[in-house]
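Notes to accompany the following structure.
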Amino acid sequence: LNALGKSERSKFPLADWLDRHVQARHNLGLSGMGRELASTRPLLRHPSPASVDEVQRLVARSARVDPARVFLTHGATEGNAVALFTLARTIRTEKHRAPTVRILQPEYPPLGDAARFAGFKPASPSAIADLAVLSDPNNPTGRGRPSAELKPIGSSPRRMLVDETFREFTSRPSVAQEGCPGVWVTGTLTKVYGADEVRVGWIIVAPGEGEELGAALGLLTDGIAAASRAQAAALLRNRKFVLAEARRIFTVNRRALGLKEATATDLLAPVFFDRLPRGVDGTTFARAALRRGILVAPGSFFGIVDAVRLCLTRRSFPRDYAAYARFRRSFLGSSHRRTR
Ligand SMILES: Cc1ncc(COP(=O)(O)O)c(C=O)c1O
């Protein structure tokens, strides 16, 4: 049993930390909109039936790609997992050796863990990796990668898996739109659409590459339930309306951070990676915050020890952040200002 008395299985360390402390008075741990969106409630109540083709077409329209490149999954976690297994197999068959991967820190931890589980080995720093895996916008920093870095050219990795879980918090276009060879993209309805329970996500393959992936999905996963397809279609048909509400909340919360305008508009996802003064351990800091009823995620989960991640998804964020800022000042003492 977990701390809530539910017999949920353990997930991975970051998710377990957030689940265990979900009842914190000031929850700055949740990266999805969850139930904050009033616009989704009527849409999810009595949705019209939708076929797989229709949902694929709606995803394709929002990413501006050919629907033949879109494969539905039960969320981005499954999308990343099946994409990684498929890419590992393809590269192993091509190269007759273990596939190699490059993952820069900080990064959402399951991306690297799943890649290793699928058989990828970390590429040596001087070598060209077979695959780069990254979230864009990045979780936990909320920043985007320059688009030139998102194309495998010259000495960069030959293939890329770009997790665009947070893309639609702004109008940033999908990198899939460019149709670069070797670039695969994943996405989901669980964050900006707040539709955790619908459990629908997708993989968009590079042009002409879906055959192996289709076989993998057919073998390893089940189709999307009719109820989920109908709800997914309802959300995607009313995409502009839902996104407008989520983006309004995000904009208000981003303002509450009090960052300089240019830095604030660089934040493309509702996550903020607060770099602590050097030598301050983020885990010790996060545990002390919890004792004041404030939940944040230690940076060590993302590969950086002296930082914590805050999420800007709740309507209560301005209040929660004020409590966090008070705690931060008292924990660090007046000699430590935000210097980085
Ligand atoms: C970068 C990233 N990818 C994937 C996921 C999981 O997405 P889903 O709930 O659709 O499986 C998350 C959740 O926090 C995430 O931050």
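Letters A, B, ... go to the chains of the structure tokens in the order shown; residues in each chain start at 1; ligands are counted from 1 in the same order.
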
Could you please extract the residues within 9 Å of ligand 1, counting only C-alpha atoms and all ligand atoms, and hand them back as a ChimeraX atom specification? /A:15,30-32,73-80,107-111,134-140,163-166,186-191,195-196,199-202

Please identify every residue of range 149-183 of chain A that has at least one atom no farther than 12 Å from an atom of range 250-256 of chain A, counting only C-alpha atoms, and for each give the shortest atom pair and the distance in Å to one decimal, arranged by chain then increasing number, as a Markdown table.
```
| residue | atom | partner | partner_atom | distance |
| --- | --- | --- | --- | --- |
| A:Phe166 | CA | A:Phe250 | CA | 11.7 |
| A:Glu168 | CA | A:Phe250 | CA | 11.3 |
| A:Phe169 | CA | A:Phe250 | CA | 7.6 |
| A:Thr170 | CA | A:Phe250 | CA | 9.3 |
```

Selection near range 98-104 of chain A, 6 Å with only C-alpha atoms, sequence-local residues under 4 positions removed, as number ranges by chain: A: 88, 91-92, 120-123, 129-133

Using Å and a single decimal, report how far CA of Leu310 in chain A sits from CA of Asn27 in chain A. 8.9 Å

Could you list, with a cut-off of 6 Å and counting only C-alpha atoms, the residues of range 182-295 of chain A near range 34-45 of chain A, each shown with its nearest atom pair and the distance in Å rounded to one decimal, rows sorted by chain and ascending number, as a tab-separated table?
```
residue	atom	partner	partner_atom	distance
A:Gly194	CA	A:Gly34	CA	4.3
A:Gln231	CA	A:Leu44	CA	5.5
A:Ala234	CA	A:Leu43	CA	6.0
A:Val242	CA	A:Ser39	CA	5.7
```

Would you save the residues of that selection, restricted to N, CA and C atoms, as a PDB file, in the first residue's frame?
```
ATOM      1  N   GLY A 194      -5.138  17.784 -19.963  1.00  0.00           N
ATOM      2  CA  GLY A 194      -5.558  17.314 -18.636  1.00  0.00           C
ATOM      3  C   GLY A 194      -6.277  15.977 -18.662  1.00  0.00           C
ATOM      4  N   GLN A 231     -13.480  10.104 -26.556  1.00  0.00           N
ATOM      5  CA  GLN A 231     -13.087  11.264 -25.736  1.00  0.00           C
ATOM      6  C   GLN A 231     -11.902  12.001 -26.353  1.00  0.00           C
ATOM      7  N   ALA A 234     -13.161  14.107 -29.135  1.00  0.00           N
ATOM      8  CA  ALA A 234     -13.893  15.288 -28.643  1.00  0.00           C
ATOM      9  C   ALA A 234     -12.898  16.375 -28.221  1.00  0.00           C
ATOM     10  N   VAL A 242      -9.920  24.133 -25.651  1.00  0.00           N
ATOM     11  CA  VAL A 242      -9.253  23.536 -24.481  1.00  0.00           C
ATOM     12  C   VAL A 242      -7.880  24.178 -24.277  1.00  0.00           C
TER      13      VAL A 242
END
```

Could you give me, as a tab-separated table, a per-residue list for range 193-288 of chain A showing, wherever an atom lies at most 6 Å from an atom of range 48-61 of chain A, the closest pair of atoms and their distance in Å to one decimal, using only C-alpha atoms and sorting by chain then residue number from low to high?
```
residue	atom	partner	partner_atom	distance
A:Arg229	CA	A:Ala50	CA	5.7
A:Ala230	CA	A:Pro49	CA	4.7
A:Ala233	CA	A:Val55	CA	5.5
```

Preceding selection exported with N, CA and C atoms as a PDB file, in the first residue's frame:
```pdb
ATOM      1  N   ARG A 229     -11.218   6.560 -27.527  1.00  0.00           N
ATOM      2  CA  ARG A 229     -11.166   7.168 -28.871  1.00  0.00           C
ATOM      3  C   ARG A 229     -12.182   8.295 -28.976  1.00  0.00           C
ATOM      4  N   ALA A 230     -13.373   8.050 -28.451  1.00  0.00           N
ATOM      5  CA  ALA A 230     -14.435   9.059 -28.535  1.00  0.00           C
ATOM      6  C   ALA A 230     -14.030  10.306 -27.741  1.00  0.00           C
ATOM      7  N   ALA A 233     -11.172  12.197 -29.502  1.00  0.00           N
ATOM      8  CA  ALA A 233     -11.663  12.955 -30.667  1.00  0.00           C
ATOM      9  C   ALA A 233     -12.387  14.217 -30.214  1.00  0.00           C
TER      10      ALA A 233
END
```

DSSP on the backbone: which residues in range 169-337 of chain A end up as strand (DSSP E or B)? Give the answer as a PyMOL selection string. chain A and resi 183-188+201-204+271-275+294-295+297-298+307-311

With a distance cut-off of 12 Å and only C-alpha atoms, select the neighbouring residues of Gly214 in chain A, excluding the residue or stretch itself and same-chain residues fewer than 2 positions from it, and output the selection as a PyMOL selection string. chain A and resi 68-73+79+82-83+86+203-205+208-212+216-223

Nearest to Val308 in chain A by atom-to-atom distance, counting only C-alpha atoms, from A:Gly293, A:Gly179, A:Pro207, A:Gly29: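 Of the candidates, the smallest distance to Val308 in chain A is held by A:Gly29.
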
Give the alpha helix (DSSP H) residues of range 105-328 of chain A, as DSSP finds them on the backbone, and put them as an MDAnalysis selection string. chainID A and resid 109:117 210:220 226:237 239:256 261:265 282:291 317:328

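Residues in contact with Leu150 in chain A at 10 Å, where only C-alpha atoms are counted and same-chain residues fewer than 6 positions away are skipped, are listed as Ala132, Leu134, Asp136, Ser156, Pro157, Arg159, Met160, Leu161, Val162, Val175, Ala176, Cys180 and Val183 of chain A.
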
Could the residues in this selection be written to a file with C-alpha atoms, as a PDB file, in the first residue's frame?
```
ATOM      1  CA  ALA A 132      19.389  11.073 -29.382  1.00  0.00           C
ATOM      2  CA  LEU A 134      15.084  14.305 -25.576  1.00  0.00           C
ATOM      3  CA  ASP A 136      11.199  19.296 -26.195  1.00  0.00           C
ATOM      4  CA  SER A 156      24.935  14.812 -34.661  1.00  0.00           C
ATOM      5  CA  PRO A 157      23.103  11.536 -33.942  1.00  0.00           C
ATOM      6  CA  ARG A 159      18.144   9.402 -35.435  1.00  0.00           C
ATOM      7  CA  MET A 160      16.131  11.276 -32.847  1.00  0.00           C
ATOM      8  CA  LEU A 161      13.204  10.575 -30.598  1.00  0.00           C
ATOM      9  CA  VAL A 162      11.671  13.891 -29.552  1.00  0.00           C
ATOM     10  CA  VAL A 175       9.304  19.195 -35.275  1.00  0.00           C
ATOM     11  CA  ALA A 176       7.502  16.303 -37.022  1.00  0.00           C
ATOM     12  CA  CYS A 180      13.295  15.129 -41.366  1.00  0.00           C
ATOM     13  CA  VAL A 183      13.162  12.040 -36.509  1.00  0.00           C
TER      14      VAL A 183
END
```

Report as a list in words all protein, DNA and RNA residues lying within 12 Å of Leu18 in chain A, evaluated on only C-alpha atoms, omitting residues in the same chain fewer than 3 positions from it. Asn2, Ala3, Leu4, Ser10, Lys11, Phe12, Pro13, Leu14, Ala15, His21, Val22, Gln23, Ala24, Asn27, Leu28, Gly29, Leu30, Ser31, Ala286, Leu290, Ile294, Leu295, Val296, Ala297, Pro298, Phe301, Arg309, Leu310 and Cys311 of chain A
